[in-house]
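Colleague: Let me begin by handing over the structure; questions about it come next.
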Amino acid sequence: MEHSDKHTPHLAHHFGEMEQQRESAKLGMWIFLLTEILLFGGLFAAYAIYRAWNPDMFYNAHKHLNIYLGGINTIVLISSSVTMALSIRSMQLNNKKRTMAFLIATLLMAVVFLVIKYFEYHHKFELGQLPGKYYTYTGIEGTNPHIFFSIYFMMTGLHGIHVIAGMGLITWMLRKTMKNTFSPEYYTPLEMTGLYWHLVDMIWIFLFPLLYLVG
Amino acid sequence: MAKETTHNIPHIVPLRIYLAVGAALLILTGVTVTVSLIPLGGWNVVVALTVAAIKALLVAFFFMHLLYDKKIFLVIFTMAVIILAIFITLTMFDTMERGRTNPEGARPFKDKAIIYEEKKAPIQKPDSTGETFEKGR
């Protein structure tokens, strides 16, 4: 106990050493990510079922999504994942300034993502390409194209909520970094935020082709 | 690169690996967009999902450190993928095949209901019990 107090102020009493503590935190985070995968899994199953039932309608409806905006958002989110990974790496190398710079870059790209998403949503609201009974658009051939937009808004909406949550976490990490909470020995919250952010990126990696590319 | 310390500092991934993985992800995005513009029938969705799976694995192994961390985290991730695969596969077997024994159940219960009749008449799809996943393109 006495040696850990000297070197590692962040070591909680019930852990033997930093490595054990770090790995316990990571285990919990991965189990949470598992539930996240299954949460989105339900929506992916809904997508698969309705696409199987209405392949032509899905194909016609997906052409109304903007492939350029979706593609730019994919690039933005992948780049933000890179900067997130680099911010953790900078903290491992004890470079606080670079950690903060990369976190800010990640945050800015998350903002860009949401702004683009806003324009996409706004466009669809104007046209009445909305879920369920709010659907008023008439330009898509096929039975009940509102189903496609229900699924589109549910999947991208839930993903968008995750992006917003991730932005909150990144802001919090930025604050913690500023307050010198982290060091190369202790940066677990930063690493957990990174895992979460990469998962959000990973989900978009599937959403983009399924919704924008192949419908 | 990193100063050698005696603490249990986890593996620090070299910068060039992060950049290379990032570049690979962007290139694969370009590939998937390009291929989606070529009509390949049912293969479009296969290619799209394969490329997406490769991208997801790159993110998981390098950005999420599954390659470097204890294997227990890889086991949890694999479990999530397997559970999801079972979930979606069995659901799709039911969705696609239940019409064989119960033709009335082959399509959604309210499939015939057109919710927006007052609008320009949507084209009614013929009742297609044998419609396959690939037919959409």
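Simple scheme: letters A, B, ... for chains in structure tokens order, numbers from 1 for residues in each chain, numbers from 1 for ligands in the order shown.
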Excluding His11 of chain B and its own-chain neighbours fewer than 5 positions away, which residues fall within 10 Å of it when counting only C-alpha atoms? Please give them as a list in words.
Modeller: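 The neighbour list is Arg89 and Gln92 of chain A; His65, Tyr68 and Asp69 of chain B.
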Colleague: For a quick test of understanding: name the residues of chain A lying within 7 Å of chain B when counting only C-alpha atoms, and present them as a ChimeraX atom specification.
Modeller: /A:19,27,30-31,34,37-38,41,45,49,52,55-56,59,75,78-79,82,85,89,92-93,138,141-144,185,195,198,202,205-206,209,213-214
Colleague: Measuring between only C-alpha atoms, which one of A:Met192, A:Ile147, A:Leu127, A:Ala110 shows the shortest distance to Ile161 of chain A?
Modeller: A:Ala110
